[in-house]
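First up is the structure itself, then whatever we jot down about it.
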Amino acid sequence: LHIIMAGNCPDGDPTYEDLREQVAQLTGEKAGLVTQLQSQLAEQATSMDSFKAEMARKFEKLRAELAKEREEHSKTKSGLEKHLVDVRAELATQREENGKANAVMEKQLANERDARIKALTDLQQQLAGERQDRIKANADLQQQLVKQHEESAALRA
């Protein structure tokens with residue numbers, strides 16, 4: 001810009017001086033703006049670095065929490081799996097014990113049933129015997145009554 005102006009306008013020309021002042025002023029403003037932009041860029045870079053550092057801290061914190069949760073989940077999962085195995089084993093043991101108890105109970109019930117059947121059969125035989133005895137006693141009494149009746153009829157005649 002200086003070369004173009006110097007070639008077209010002689011020194012001391014008011015237009016040239018005005019242009020020169022304007023160029024100097026613009027150059028100063030440009031330098032001020034460059035300095036201001038550099039300062040803003042430096043502030044933004046510092047702010048960005050702070051932001052990046054904060055995000056890195058948060059990321060590390062989240063990563064640590066996630067690792068901790070994974071570890072706890074793994075412990076909890078393995079604990080639950082172990083508990084499940086224990087419960088299944090306990091159920092199997094209880095089933096086996098219940099099966100044995102059922103077999104013993106069935107045998108006891110069968111023995112009790114057989115004993116009751118035998119007792120009922122014995123009672124039935126006893127009652128049948130007593131009935132036979134009563135029938136025989138009644139028959140004997142009838143015969144005695146018939147004999148007494150015949151004797152009494154013979155004595156009357």
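Following the order of the structure tokens, first chain is A, next is B, and so on, with residues numbered from 1 inside each chain and ligands from 1 in the order they appear.
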Could you build a table of the residues in segment 28-118 of chain A lying no more than 12 Å from segment 124-131 of chain A, giving for each the nearest pair of atoms and their separation in Å rounded to one decimal place, using only C-alpha atoms, ordered by chain and ascending residue number, as JSON lines?
{"residue": "A:Arg116", "atom": "CA", "partner": "A:Gln124", "partner_atom": "CA", "distance": 11.9}
{"residue": "A:Ile117", "atom": "CA", "partner": "A:Gln124", "partner_atom": "CA", "distance": 10.2}
{"residue": "A:Lys118", "atom": "CA", "partner": "A:Gln124", "partner_atom": "CA", "distance": 9.6}
Output file for the residues above (C-alpha atoms, as a PDB file, in the first residue's frame):
ATOM      1  CA  ARG A 116     -56.495-102.914  61.369  1.00  0.00           C
ATOM      2  CA  ILE A 117     -57.660-105.401  58.739  1.00  0.00           C
ATOM      3  CA  LYS A 118     -56.441-108.280  60.933  1.00  0.00           C
TER       4      LYS A 118
END
| query | Quick one: distance from atom CA of Lys136 of chain A to atom CA of Leu123 of chain A in Å, one decimal? | reply | 19.5 Å
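Distance-wise, atom CA of Ala64 of chain A and atom CA of Ser78 of chain A end up 20.9 Å apart.
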